[in-house]
Structures are given as structure tokens and as C-alpha cells.
$ cat work-v3.cif   # mmCIF, C-alpha atoms and all ligand atoms
data_coords
#
loop_
_atom_site.group_PDB
_atom_site.id
_atom_site.type_symbol
_atom_site.label_atom_id
_atom_site.label_comp_id
_atom_site.auth_asym_id
_atom_site.auth_seq_id
_atom_site.Cartn_x
_atom_site.Cartn_y
_atom_site.Cartn_z
ATOM 1 C CA MET A 1 0.000 0.000 0.000
ATOM 2 C CA GLY A 2 2.818 2.351 0.956
ATOM 3 C CA LEU A 3 4.641 1.572 -2.280
ATOM 4 C CA ILE A 4 1.527 2.328 -4.350
ATOM 5 C CA PHE A 5 1.130 5.655 -2.565
ATOM 6 C CA ILE A 6 4.751 6.552 -3.331
ATOM 7 C CA ILE A 7 4.400 5.588 -7.011
ATOM 8 C CA ILE A 8 1.180 7.606 -7.374
ATOM 9 C CA SER A 9 2.763 10.616 -5.641
ATOM 10 C CA ILE A 10 5.843 10.521 -7.881
ATOM 11 C CA SER A 11 3.621 10.189 -10.963
ATOM 12 C CA ILE A 12 1.557 13.224 -9.957
ATOM 13 C CA VAL A 13 4.658 15.343 -9.362
ATOM 14 C CA TRP A 14 6.156 14.121 -12.653
ATOM 15 C CA VAL A 15 3.034 15.107 -14.608
ATOM 16 C CA ALA A 16 2.917 18.448 -12.782
ATOM 17 C CA SER A 17 6.581 19.010 -13.683
ATOM 18 C CA LEU A 18 5.828 18.293 -17.327
ATOM 19 C CA TRP A 19 2.941 20.747 -17.244
ATOM 20 C CA LYS A 20 5.140 23.383 -15.640
ATOM 21 C CA ILE A 21 7.797 22.946 -18.316
ATOM 22 C CA PHE A 22 5.586 22.783 -21.403
ATOM 23 C CA PHE A 23 2.695 25.052 -20.489
ATOM 24 C CA SER A 24 4.139 27.538 -18.035
ATOM 25 C CA HIS A 25 6.300 29.808 -20.164
ATOM 26 C CA SER A 26 9.477 31.281 -18.729
ATOM 27 C CA LYS A 27 8.777 34.757 -17.361
ATOM 28 C CA SER A 28 12.357 35.584 -16.557
ATOM 29 C CA ALA A 29 13.276 39.243 -16.941
ATOM 30 C CA PHE A 30 16.952 38.365 -17.186
ATOM 31 C CA LEU A 31 18.761 41.272 -18.902
ATOM 32 C CA ASN A 32 15.552 43.299 -19.270
ATOM 33 C CA GLU A 33 13.836 41.173 -21.884
ATOM 34 C CA GLY A 34 16.309 42.127 -24.626
ATOM 35 C CA THR A 35 14.146 44.717 -26.370
ATOM 36 C CA PRO A 36 16.028 46.633 -29.109
ATOM 37 C CA LEU A 37 16.711 49.557 -26.792
ATOM 38 C CA HIS A 38 18.259 47.261 -24.183
ATOM 39 C CA LYS A 39 20.124 44.884 -26.457
ATOM 40 C CA LYS A 40 23.396 44.037 -24.753
ATOM 41 C CA ASN A 41 26.818 42.760 -25.702
ATOM 42 C CA VAL A 42 27.201 39.588 -23.677
ATOM 43 C CA LEU A 43 30.472 37.688 -23.199
ATOM 44 C CA LEU A 44 30.167 34.019 -22.275
ATOM 45 C CA VAL A 45 33.455 32.736 -20.847
ATOM 46 C CA VAL A 46 34.072 28.980 -20.718
ATOM 47 C CA ALA A 47 37.091 26.717 -20.250
ATOM 48 C CA HIS A 48 36.686 23.978 -22.877
ATOM 49 C CA PRO A 49 34.926 23.286 -26.178
ATOM 50 C CA ASP A 50 31.594 21.639 -25.228
ATOM 51 C CA ASP A 51 31.148 23.705 -22.015
ATOM 52 C CA GLU A 52 28.921 26.070 -23.961
ATOM 53 C CA SER A 53 26.568 23.287 -25.112
ATOM 54 C CA MET A 54 26.759 21.049 -22.057
ATOM 55 C CA PHE A 55 26.240 23.726 -19.414
ATOM 56 C CA PHE A 56 25.110 26.995 -21.004
ATOM 57 C CA SER A 57 22.812 25.886 -23.806
ATOM 58 C CA PRO A 58 19.575 27.133 -22.149
ATOM 59 C CA THR A 59 21.324 30.432 -21.418
ATOM 60 C CA ILE A 60 22.525 30.779 -25.024
ATOM 61 C CA ASN A 61 19.041 29.939 -26.328
ATOM 62 C CA TYR A 62 17.543 32.589 -24.063
ATOM 63 C CA LEU A 63 20.067 35.284 -25.024
ATOM 64 C CA THR A 64 19.815 34.714 -28.779
ATOM 65 C CA SER A 65 16.004 34.538 -28.661
ATOM 66 C CA LYS A 66 15.954 37.941 -26.927
ATOM 67 C CA GLY A 67 18.245 39.503 -29.537
ATOM 68 C CA HIS A 68 21.318 40.025 -27.379
ATOM 69 C CA ASN A 69 24.697 40.140 -29.115
ATOM 70 C CA LEU A 70 26.618 37.115 -27.861
ATOM 71 C CA TYR A 71 30.393 36.688 -27.817
ATOM 72 C CA LEU A 72 31.994 33.403 -26.779
ATOM 73 C CA LEU A 73 35.457 33.165 -25.251
ATOM 74 C CA CYS A 74 36.755 29.624 -24.802
ATOM 75 C CA LEU A 75 40.050 29.670 -22.917
ATOM 76 C CA SER A 76 41.411 26.353 -24.207
ATOM 77 C CA ILE A 77 40.999 23.934 -27.093
ATOM 78 C CA GLY A 78 40.428 21.053 -24.651
ATOM 79 C CA ASN A 79 43.603 19.192 -25.548
ATOM 80 C CA ALA A 80 43.831 16.978 -22.444
ATOM 81 C CA ASP A 81 43.369 13.864 -24.611
ATOM 82 C CA GLY A 82 45.245 15.180 -27.633
ATOM 83 C CA MET A 83 42.029 15.960 -29.503
ATOM 84 C CA GLY A 84 42.167 19.722 -29.211
ATOM 85 C CA SER A 85 42.134 20.416 -32.933
ATOM 86 C CA SER A 86 38.971 18.325 -33.442
ATOM 87 C CA ARG A 87 37.326 19.794 -30.375
ATOM 88 C CA LYS A 88 37.956 23.325 -31.629
ATOM 89 C CA ASP A 89 36.247 22.467 -34.938
ATOM 90 C CA GLU A 90 33.361 20.886 -33.026
ATOM 91 C CA LEU A 91 32.924 24.082 -31.036
ATOM 92 C CA PHE A 92 32.515 26.157 -34.175
ATOM 93 C CA ARG A 93 29.968 23.679 -35.559
ATOM 94 C CA ALA A 94 28.034 23.813 -32.279
ATOM 95 C CA CYS A 95 28.058 27.613 -32.486
ATOM 96 C CA VAL A 96 26.453 27.380 -35.930
ATOM 97 C CA VAL A 97 23.629 25.362 -34.335
ATOM 98 C CA HIS A 98 23.361 27.912 -31.543
ATOM 99 C CA LYS A 99 23.334 30.740 -34.117
ATOM 100 C CA ILE A 100 26.337 32.449 -32.558
ATOM 101 C CA GLN A 101 28.219 34.571 -35.125
ATOM 102 C CA LEU A 102 31.465 32.676 -35.783
ATOM 103 C CA GLN A 103 33.493 35.884 -35.947
ATOM 104 C CA GLN A 104 32.377 36.433 -32.345
ATOM 105 C CA VAL A 105 33.828 33.126 -31.155
ATOM 106 C CA ASN A 106 37.374 33.208 -29.775
ATOM 107 C CA VAL A 107 39.085 29.918 -28.883
ATOM 108 C CA LEU A 108 42.522 30.212 -27.272
ATOM 109 C CA ASP A 109 45.393 27.743 -27.195
ATOM 110 C CA HIS A 110 47.636 29.462 -24.663
ATOM 111 C CA PRO A 111 50.574 27.417 -23.280
ATOM 112 C CA GLU A 112 49.664 28.421 -19.718
ATOM 113 C CA LEU A 113 45.965 27.625 -20.138
ATOM 114 C CA GLN A 114 45.923 23.968 -21.102
ATOM 115 C CA ASP A 115 43.037 21.605 -20.402
ATOM 116 C CA GLY A 116 43.482 19.180 -17.525
ATOM 117 C CA PHE A 117 42.789 18.484 -13.862
ATOM 118 C CA GLY A 118 46.467 18.944 -13.057
ATOM 119 C CA GLN A 119 46.627 22.315 -14.802
ATOM 120 C CA VAL A 120 46.312 25.342 -12.542
ATOM 121 C CA TRP A 121 45.436 28.438 -14.516
ATOM 122 C CA ASN A 122 46.827 31.809 -13.490
ATOM 123 C CA HIS A 123 43.863 33.956 -12.510
ATOM 124 C CA GLY A 124 45.744 37.127 -13.372
ATOM 125 C CA LEU A 125 46.358 35.875 -16.905
ATOM 126 C CA VAL A 126 42.697 34.886 -17.281
ATOM 127 C CA ALA A 127 41.649 38.322 -16.003
ATOM 128 C CA GLN A 128 43.970 40.039 -18.483
ATOM 129 C CA ILE A 129 42.528 38.067 -21.422
ATOM 130 C CA ILE A 130 38.974 38.822 -20.304
ATOM 131 C CA GLU A 131 39.827 42.500 -20.002
ATOM 132 C CA GLU A 132 41.035 42.559 -23.619
ATOM 133 C CA GLU A 133 37.813 40.882 -24.787
ATOM 134 C CA VAL A 134 35.625 43.210 -22.740
ATOM 135 C CA TYR A 135 37.173 46.391 -24.043
ATOM 136 C CA SER A 136 37.525 45.281 -27.671
ATOM 137 C CA HIS A 137 33.849 44.273 -27.902
ATOM 138 C CA VAL A 138 32.363 46.864 -25.522
ATOM 139 C CA ILE A 139 30.921 44.116 -23.357
ATOM 140 C CA ASP A 140 28.020 44.943 -21.021
ATOM 141 C CA VAL A 141 27.503 41.542 -19.400
ATOM 142 C CA ILE A 142 29.785 38.609 -18.539
ATOM 143 C CA ILE A 143 28.419 35.110 -17.902
ATOM 144 C CA THR A 144 30.539 32.230 -16.623
ATOM 145 C CA PHE A 145 30.767 29.362 -14.121
ATOM 146 C CA ASP A 146 30.505 29.691 -10.364
ATOM 147 C CA SER A 147 33.491 28.644 -8.223
ATOM 148 C CA TYR A 148 32.533 24.941 -8.347
ATOM 149 C CA GLY A 149 31.930 25.006 -12.090
ATOM 150 C CA VAL A 150 28.952 22.583 -12.265
ATOM 151 C CA SER A 151 31.090 19.473 -12.786
ATOM 152 C CA GLY A 152 33.827 20.427 -10.325
ATOM 153 C CA HIS A 153 36.493 20.716 -13.049
ATOM 154 C CA CYS A 154 39.284 22.924 -11.712
ATOM 155 C CA ASN A 155 39.603 24.805 -15.028
ATOM 156 C CA HIS A 156 35.962 25.912 -14.677
ATOM 157 C CA GLY A 157 36.720 27.291 -11.221
ATOM 158 C CA ASP A 158 39.808 29.069 -12.576
ATOM 159 C CA VAL A 159 37.649 30.812 -15.186
ATOM 160 C CA HIS A 160 35.317 31.965 -12.416
ATOM 161 C CA TYR A 161 38.176 33.369 -10.335
ATOM 162 C CA GLY A 162 39.692 35.015 -13.423
ATOM 163 C CA VAL A 163 36.417 36.851 -14.055
ATOM 164 C CA ARG A 164 36.271 37.838 -10.397
ATOM 165 C CA LYS A 165 39.836 39.188 -10.552
ATOM 166 C CA PHE A 166 38.999 41.228 -13.653
ATOM 167 C CA LEU A 167 35.918 42.667 -11.948
ATOM 168 C CA HIS A 168 37.918 43.483 -8.807
ATOM 169 C CA ASP A 169 41.029 44.919 -10.472
ATOM 170 C CA SER A 170 39.997 46.387 -13.810
ATOM 171 C CA SER A 171 36.254 46.588 -14.318
ATOM 172 C CA PRO A 172 34.930 50.107 -14.915
ATOM 173 C CA GLY A 173 31.974 49.222 -12.690
ATOM 174 C CA ASN A 174 29.191 49.210 -15.252
ATOM 175 C CA ILE A 175 29.621 45.570 -16.225
ATOM 176 C CA GLU A 176 27.128 42.993 -14.989
ATOM 177 C CA ALA A 177 28.501 39.539 -14.221
ATOM 178 C CA TRP A 178 26.462 36.370 -13.755
ATOM 179 C CA GLU A 179 27.468 32.909 -12.657
ATOM 180 C CA LEU A 180 25.854 29.568 -13.412
ATOM 181 C CA VAL A 181 24.964 28.148 -10.023
ATOM 182 C CA SER A 182 26.109 24.582 -9.373
ATOM 183 C CA ILE A 183 23.532 22.285 -7.815
ATOM 184 C CA ASN A 184 24.032 19.104 -5.832
ATOM 185 C CA ILE A 185 24.193 15.720 -7.528
ATOM 186 C CA MET A 186 20.699 14.671 -6.414
ATOM 187 C CA ARG A 187 19.148 17.716 -8.072
ATOM 188 C CA LYS A 188 21.421 17.507 -11.096
ATOM 189 C CA TYR A 189 20.147 14.054 -11.998
ATOM 190 C CA SER A 190 16.545 14.486 -10.860
ATOM 191 C CA GLY A 191 15.503 15.526 -14.360
ATOM 192 C CA LEU A 192 12.141 17.246 -14.600
ATOM 193 C CA PHE A 193 11.665 17.375 -10.832
ATOM 194 C CA ASP A 194 14.335 20.040 -10.384
ATOM 195 C CA ILE A 195 12.079 22.668 -11.950
ATOM 196 C CA TRP A 196 10.456 23.083 -8.525
ATOM 197 C CA MET A 197 13.725 23.405 -6.618
ATOM 198 C CA SER A 198 15.102 25.886 -9.154
ATOM 199 C CA ASN A 199 11.989 28.052 -8.879
ATOM 200 C CA LEU A 200 12.151 27.826 -5.091
ATOM 201 C CA ASP A 201 15.781 28.965 -5.203
ATOM 202 C CA VAL A 202 14.792 32.011 -7.249
ATOM 203 C CA MET A 203 11.932 32.895 -4.867
ATOM 204 C CA GLN A 204 14.276 32.710 -1.865
ATOM 205 C CA HIS A 205 16.520 35.419 -3.298
ATOM 206 C CA PRO A 206 15.737 39.133 -3.659
ATOM 207 C CA SER A 207 14.046 39.967 -6.946
ATOM 208 C CA GLY A 208 16.433 40.049 -9.908
ATOM 209 C CA VAL A 209 19.399 38.496 -8.118
ATOM 210 C CA MET A 210 18.802 34.972 -9.424
ATOM 211 C CA HIS A 211 17.017 33.768 -12.542
ATOM 212 C CA CYS A 212 15.859 30.349 -13.673
ATOM 213 C CA LEU A 213 15.915 30.045 -17.452
ATOM 214 C CA LEU A 214 13.700 27.360 -18.926
ATOM 215 C CA ASN A 215 15.239 25.669 -21.943
ATOM 216 C CA GLU A 216 12.653 26.392 -24.613
ATOM 217 C CA HIS A 217 14.700 24.758 -27.395
ATOM 218 C CA PRO A 218 15.929 21.421 -25.988
ATOM 219 C CA LEU A 219 16.232 19.921 -29.494
ATOM 220 C CA LYS A 220 18.648 22.670 -30.493
ATOM 221 C CA SER A 221 20.656 21.955 -27.329
ATOM 222 C CA PHE A 222 20.822 18.269 -28.240
ATOM 223 C CA GLN A 223 21.894 19.077 -31.800
ATOM 224 C CA ALA A 224 24.621 21.423 -30.544
ATOM 225 C CA MET A 225 25.936 18.815 -28.123
ATOM 226 C CA ALA A 226 25.811 16.231 -30.902
ATOM 227 C CA GLU A 227 28.404 18.303 -32.777
ATOM 228 C CA HIS A 228 30.856 17.471 -29.982
ATOM 229 C CA SER A 229 31.089 13.880 -31.197
ATOM 230 C CA SER A 230 34.510 13.321 -29.597
ATOM 231 C CA GLN A 231 32.930 13.931 -26.198
ATOM 232 C CA TRP A 232 30.073 11.486 -26.673
ATOM 233 C CA ALA A 233 32.685 8.736 -26.456
ATOM 234 C CA LEU A 234 34.677 10.347 -23.663
ATOM 235 C CA ASN A 235 31.635 11.043 -21.525
ATOM 236 C CA ARG A 236 31.383 7.371 -20.570
ATOM 237 C CA VAL A 237 34.357 7.879 -18.295
ATOM 238 C CA SER A 238 34.206 11.626 -17.744
ATOM 239 C CA SER A 239 32.644 13.441 -14.817
ATOM 240 C CA ASP A 240 31.823 16.392 -17.086
ATOM 241 C CA ASP A 241 28.065 16.481 -17.162
ATOM 242 C CA GLY A 242 25.372 19.086 -17.002
ATOM 243 C CA SER A 243 21.830 19.977 -16.361
ATOM 244 C CA ASP A 244 18.984 21.019 -18.599
ATOM 245 C CA TRP A 245 18.519 24.079 -16.458
ATOM 246 C CA SER A 246 20.518 27.225 -16.271
ATOM 247 C CA VAL A 247 20.199 28.792 -12.850
ATOM 248 C CA LEU A 248 21.923 32.098 -12.882
ATOM 249 C CA GLY A 249 22.726 33.956 -9.729
HETATM 250 ZN ZN ZN A 301 34.749 21.955 -19.222
#
$ encode --input "work-v3.cif" --output "C-alpha cells"
Amino acid sequence: MGLIFIIISISIVWVASLWKIFFSHSKSAFLNEGTPLHKKNVLLVVAHPDDESMFFSPTINYLTSKGHNLYLLCLSIGNADGMGSSRKDELFRACVVHKIQLQQVNVLDHPELQDGFGQVWNHGLVAQIIEEEVYSHVIDVIITFDSYGVSGHCNHGDVHYGVRKFLHDSSPGNIEAWELVSINIMRKYSGLFDIWMSNLDVMQHPSGVMHCLLNEHPLKSFQAMAEHSSQWALNRVSSDDGSDWSVLG
């Protein structure tokens, strides 16, 4: 009897989650709706090719659908397994799917910023590179990982601290910066059910401090990730994984 009650309860919540996702449209006012007068130059900073599709796809979909001008800075070619050249090409193909202008995609292969868990990136160097991007493209908004970096990859955390250092040392003060909030492993793999926790998170913060962006184009996200074919094989042993939800705070 108890088991039946649990199954029925889970089914009800699952159906309610589906309803919430498909019939309750995202009302996020993230970056002021992106009307022509408020169109912003947004810089997304990631560590490796595939980060943009695996972790930031809902964010990219939101920004492009609102008409913001998106720049992508990828700080390495992801050469930890010697496949950096292929991974760089995959990134550009994924950007085509995401409708990011290819001339606005910058992928670095700096000797001091190489992919790997044993590689510690100099936050000052990262900050300096970000500063150059910000001033050359008149960036209004920076988006990147939080200190944990969703999957816990140290390079993701280094990107976060590089952005922080830029904001602390060099930012003129009119630049908004947003981080993708990491969630615990239970929520990460709870699928549809996390919609409730993400919304609860947003409600617990002051208005405008945190946003939950519903992925309104999941097929496009899948197609973009499919371009990273080298990672479909590697993911069987990799801890790099993501969520369907972008929770920005
Ligand atoms: Zn990564």
C-alpha cells in the first residue's frame, strides 16, 4: 500500500513538472527582456569546447532569442586527450547550431591555459585576457561558471576566479557579471523534478538576483551537443556532465 502511494505521488509530481515545463512559459526578466533599446553585448566565458553546449545551452538559447549580441570566449581547445584540434572544430559547428556569429567566437590555445585536472590556470592571466575581450567588444555583461563550475572541473573554477579578478582589479563598474549556479548531484540528476527546486531557489533570493531560465529549445541543445562527437565517447568515463537548467545567480 505504501509503495503504491509513493508511485502515485511521484507520478503526480512528474506530470505536474511536465505541465510546468511545457505550459508555463518562462517569465524571466533576465537582462531586461532584450528589447532593441536594451540589447546588450554579452560575453560568455568557458574553459573547454563543449562547455557552452553542455552547461550553457539554455542560457545561449535565451540570449539569442531575446536579440542580445553574444560573444563566446573559450580559454582552451580542450587538448587533455590530444584531440584539441577536433574539439575546436566541433565548437565552431556547435556555435552554428546555436546561431552564434562565428566571428564572435574566440578559442585560445595558450601554453599556460591547457586543459586538464592537473593544470592550474593563473587567474591574473585569465583576467587580463577577459579585459582585452571586454574592451575590444564593448561588453556589457559577462556570464561564466561559479566557483565549483557545475562538474567540479578545476579549469571551470579558474575561469570563475579570473572573471572575479577582472571585476575586482579592472572593471569600470558598469559591467554585470552572472554565474551559473552549481547544484548538488541529487538535483542535477533528478531531471524534470528540479524545476520546482530551481523556482524555489529564485523565490528565496531578492528579486532580480537569481534567474531560472527554462530551456525552450531542448532539441537545439541536443543538436549542438551532438556536434561534440569526440565527447560522446569520452563522456562514458568523464565526470563532465550538465543539467537542462541554467540557474543564474
Ligand atoms: Zn569543461
$ residues_near_ligand --input "work-v3.cif" --ligand "ligand ZN 301 (chain A)" --cutoff "10 Å" --atoms "only C-alpha atoms and all ligand atoms" --output "VMD selection string"
chain A and resid 46 to 52 54 to 55 74 76 78 115 to 116 145 149 to 157 239 to 241
$ resolve_selection --input "work-v3.cif" --expression "the PyMOL selection byres (((chain A and resi 101) around 12) and not hetatm)" --output "ChimeraX atom specification"
/A:64,68-72,92-100,102-106
$ atom_distance --input "work-v3.cif" --atom1 "CA of Ser28 (chain A)" --atom2 "CA of Leu213 (chain A)"
6.6 Å
$ resolve_selection --input "work-v3.cif" --expression "the PyMOL selection byres (((chain A and resi 79) around 12) and not hetatm)" --output "ChimeraX atom specification"
/A:47-49,75-78,80-88,108-111,113-117,119,230-231
$ closest_residue --input "work-v3.cif" --among "A:Asp146, A:Glu179, A:Asp140, A:Glu227" --to "Leu31 (chain A)" --atoms "only C-alpha atoms"
A:Asp140
$ axis_aligned_box --input "work-v3.cif" --around "region 103-121 of chain A" --padding-each-side "8 Å" --output "JSON"
{"center_x": 41.5, "center_y": 27.5, "center_z": -24.2, "size_x": 34.2, "size_y": 33.9, "size_z": 39.4}
$ decode --input "work-v3.cif" --residues "region 37-149 of chain A" --atoms "C-alpha atoms" --output "PDB file, in the first residue's frame"
ATOM      1  CA  LEU A  37      16.711  49.557 -26.792  1.00  0.00           C
ATOM      2  CA  HIS A  38      18.259  47.261 -24.183  1.00  0.00           C
ATOM      3  CA  LYS A  39      20.124  44.884 -26.457  1.00  0.00           C
ATOM      4  CA  LYS A  40      23.396  44.037 -24.753  1.00  0.00           C
ATOM      5  CA  ASN A  41      26.818  42.760 -25.702  1.00  0.00           C
ATOM      6  CA  VAL A  42      27.201  39.588 -23.677  1.00  0.00           C
ATOM      7  CA  LEU A  43      30.472  37.688 -23.199  1.00  0.00           C
ATOM      8  CA  LEU A  44      30.167  34.019 -22.275  1.00  0.00           C
ATOM      9  CA  VAL A  45      33.455  32.736 -20.847  1.00  0.00           C
ATOM     10  CA  VAL A  46      34.072  28.980 -20.718  1.00  0.00           C
ATOM     11  CA  ALA A  47      37.091  26.717 -20.250  1.00  0.00           C
ATOM     12  CA  HIS A  48      36.686  23.978 -22.877  1.00  0.00           C
ATOM     13  CA  PRO A  49      34.926  23.286 -26.178  1.00  0.00           C
ATOM     14  CA  ASP A  50      31.594  21.639 -25.228  1.00  0.00           C
ATOM     15  CA  ASP A  51      31.148  23.705 -22.015  1.00  0.00           C
ATOM     16  CA  GLU A  52      28.921  26.070 -23.961  1.00  0.00           C
ATOM     17  CA  SER A  53      26.568  23.287 -25.112  1.00  0.00           C
ATOM     18  CA  MET A  54      26.759  21.049 -22.057  1.00  0.00           C
ATOM     19  CA  PHE A  55      26.240  23.726 -19.414  1.00  0.00           C
ATOM     20  CA  PHE A  56      25.110  26.995 -21.004  1.00  0.00           C
ATOM     21  CA  SER A  57      22.812  25.886 -23.806  1.00  0.00           C
ATOM     22  CA  PRO A  58      19.575  27.133 -22.149  1.00  0.00           C
ATOM     23  CA  THR A  59      21.324  30.432 -21.418  1.00  0.00           C
ATOM     24  CA  ILE A  60      22.525  30.779 -25.024  1.00  0.00           C
ATOM     25  CA  ASN A  61      19.041  29.939 -26.328  1.00  0.00           C
ATOM     26  CA  TYR A  62      17.543  32.589 -24.063  1.00  0.00           C
ATOM     27  CA  LEU A  63      20.067  35.284 -25.024  1.00  0.00           C
ATOM     28  CA  THR A  64      19.815  34.714 -28.779  1.00  0.00           C
ATOM     29  CA  SER A  65      16.004  34.538 -28.661  1.00  0.00           C
ATOM     30  CA  LYS A  66      15.954  37.941 -26.927  1.00  0.00           C
ATOM     31  CA  GLY A  67      18.245  39.503 -29.537  1.00  0.00           C
ATOM     32  CA  HIS A  68      21.318  40.025 -27.379  1.00  0.00           C
ATOM     33  CA  ASN A  69      24.697  40.140 -29.115  1.00  0.00           C
ATOM     34  CA  LEU A  70      26.618  37.115 -27.861  1.00  0.00           C
ATOM     35  CA  TYR A  71      30.393  36.688 -27.817  1.00  0.00           C
ATOM     36  CA  LEU A  72      31.994  33.403 -26.779  1.00  0.00           C
ATOM     37  CA  LEU A  73      35.457  33.165 -25.251  1.00  0.00           C
ATOM     38  CA  CYS A  74      36.755  29.624 -24.802  1.00  0.00           C
ATOM     39  CA  LEU A  75      40.050  29.670 -22.917  1.00  0.00           C
ATOM     40  CA  SER A  76      41.411  26.353 -24.207  1.00  0.00           C
ATOM     41  CA  ILE A  77      40.999  23.934 -27.093  1.00  0.00           C
ATOM     42  CA  GLY A  78      40.428  21.053 -24.651  1.00  0.00           C
ATOM     43  CA  ASN A  79      43.603  19.192 -25.548  1.00  0.00           C
ATOM     44  CA  ALA A  80      43.831  16.978 -22.444  1.00  0.00           C
ATOM     45  CA  ASP A  81      43.369  13.864 -24.611  1.00  0.00           C
ATOM     46  CA  GLY A  82      45.245  15.180 -27.633  1.00  0.00           C
ATOM     47  CA  MET A  83      42.029  15.960 -29.503  1.00  0.00           C
ATOM     48  CA  GLY A  84      42.167  19.722 -29.211  1.00  0.00           C
ATOM     49  CA  SER A  85      42.134  20.416 -32.933  1.00  0.00           C
ATOM     50  CA  SER A  86      38.971  18.325 -33.442  1.00  0.00           C
ATOM     51  CA  ARG A  87      37.326  19.794 -30.375  1.00  0.00           C
ATOM     52  CA  LYS A  88      37.956  23.325 -31.629  1.00  0.00           C
ATOM     53  CA  ASP A  89      36.247  22.467 -34.938  1.00  0.00           C
ATOM     54  CA  GLU A  90      33.361  20.886 -33.026  1.00  0.00           C
ATOM     55  CA  LEU A  91      32.924  24.082 -31.036  1.00  0.00           C
ATOM     56  CA  PHE A  92      32.515  26.157 -34.175  1.00  0.00           C
ATOM     57  CA  ARG A  93      29.968  23.679 -35.559  1.00  0.00           C
ATOM     58  CA  ALA A  94      28.034  23.813 -32.279  1.00  0.00           C
ATOM     59  CA  CYS A  95      28.058  27.613 -32.486  1.00  0.00           C
ATOM     60  CA  VAL A  96      26.453  27.380 -35.930  1.00  0.00           C
ATOM     61  CA  VAL A  97      23.629  25.362 -34.335  1.00  0.00           C
ATOM     62  CA  HIS A  98      23.361  27.912 -31.543  1.00  0.00           C
ATOM     63  CA  LYS A  99      23.334  30.740 -34.117  1.00  0.00           C
ATOM     64  CA  ILE A 100      26.337  32.449 -32.558  1.00  0.00           C
ATOM     65  CA  GLN A 101      28.219  34.571 -35.125  1.00  0.00           C
ATOM     66  CA  LEU A 102      31.465  32.676 -35.783  1.00  0.00           C
ATOM     67  CA  GLN A 103      33.493  35.884 -35.947  1.00  0.00           C
ATOM     68  CA  GLN A 104      32.377  36.433 -32.345  1.00  0.00           C
ATOM     69  CA  VAL A 105      33.828  33.126 -31.155  1.00  0.00           C
ATOM     70  CA  ASN A 106      37.374  33.208 -29.775  1.00  0.00           C
ATOM     71  CA  VAL A 107      39.085  29.918 -28.883  1.00  0.00           C
ATOM     72  CA  LEU A 108      42.522  30.212 -27.272  1.00  0.00           C
ATOM     73  CA  ASP A 109      45.393  27.743 -27.195  1.00  0.00           C
ATOM     74  CA  HIS A 110      47.636  29.462 -24.663  1.00  0.00           C
ATOM     75  CA  PRO A 111      50.574  27.417 -23.280  1.00  0.00           C
ATOM     76  CA  GLU A 112      49.664  28.421 -19.718  1.00  0.00           C
ATOM     77  CA  LEU A 113      45.965  27.625 -20.138  1.00  0.00           C
ATOM     78  CA  GLN A 114      45.923  23.968 -21.102  1.00  0.00           C
ATOM     79  CA  ASP A 115      43.037  21.605 -20.402  1.00  0.00           C
ATOM     80  CA  GLY A 116      43.482  19.180 -17.525  1.00  0.00           C
ATOM     81  CA  PHE A 117      42.789  18.484 -13.862  1.00  0.00           C
ATOM     82  CA  GLY A 118      46.467  18.944 -13.057  1.00  0.00           C
ATOM     83  CA  GLN A 119      46.627  22.315 -14.802  1.00  0.00           C
ATOM     84  CA  VAL A 120      46.312  25.342 -12.542  1.00  0.00           C
ATOM     85  CA  TRP A 121      45.436  28.438 -14.516  1.00  0.00           C
ATOM     86  CA  ASN A 122      46.827  31.809 -13.490  1.00  0.00           C
ATOM     87  CA  HIS A 123      43.863  33.956 -12.510  1.00  0.00           C
ATOM     88  CA  GLY A 124      45.744  37.127 -13.372  1.00  0.00           C
ATOM     89  CA  LEU A 125      46.358  35.875 -16.905  1.00  0.00           C
ATOM     90  CA  VAL A 126      42.697  34.886 -17.281  1.00  0.00           C
ATOM     91  CA  ALA A 127      41.649  38.322 -16.003  1.00  0.00           C
ATOM     92  CA  GLN A 128      43.970  40.039 -18.483  1.00  0.00           C
ATOM     93  CA  ILE A 129      42.528  38.067 -21.422  1.00  0.00           C
ATOM     94  CA  ILE A 130      38.974  38.822 -20.304  1.00  0.00           C
ATOM     95  CA  GLU A 131      39.827  42.500 -20.002  1.00  0.00           C
ATOM     96  CA  GLU A 132      41.035  42.559 -23.619  1.00  0.00           C
ATOM     97  CA  GLU A 133      37.813  40.882 -24.787  1.00  0.00           C
ATOM     98  CA  VAL A 134      35.625  43.210 -22.740  1.00  0.00           C
ATOM     99  CA  TYR A 135      37.173  46.391 -24.043  1.00  0.00           C
ATOM    100  CA  SER A 136      37.525  45.281 -27.671  1.00  0.00           C
ATOM    101  CA  HIS A 137      33.849  44.273 -27.902  1.00  0.00           C
ATOM    102  CA  VAL A 138      32.363  46.864 -25.522  1.00  0.00           C
ATOM    103  CA  ILE A 139      30.921  44.116 -23.357  1.00  0.00           C
ATOM    104  CA  ASP A 140      28.020  44.943 -21.021  1.00  0.00           C
ATOM    105  CA  VAL A 141      27.503  41.542 -19.400  1.00  0.00           C
ATOM    106  CA  ILE A 142      29.785  38.609 -18.539  1.00  0.00           C
ATOM    107  CA  ILE A 143      28.419  35.110 -17.902  1.00  0.00           C
ATOM    108  CA  THR A 144      30.539  32.230 -16.623  1.00  0.00           C
ATOM    109  CA  PHE A 145      30.767  29.362 -14.121  1.00  0.00           C
ATOM    110  CA  ASP A 146      30.505  29.691 -10.364  1.00  0.00           C
ATOM    111  CA  SER A 147      33.491  28.644  -8.223  1.00  0.00           C
ATOM    112  CA  TYR A 148      32.533  24.941  -8.347  1.00  0.00           C
ATOM    113  CA  GLY A 149      31.930  25.006 -12.090  1.00  0.00           C
TER     114      GLY A 149
END
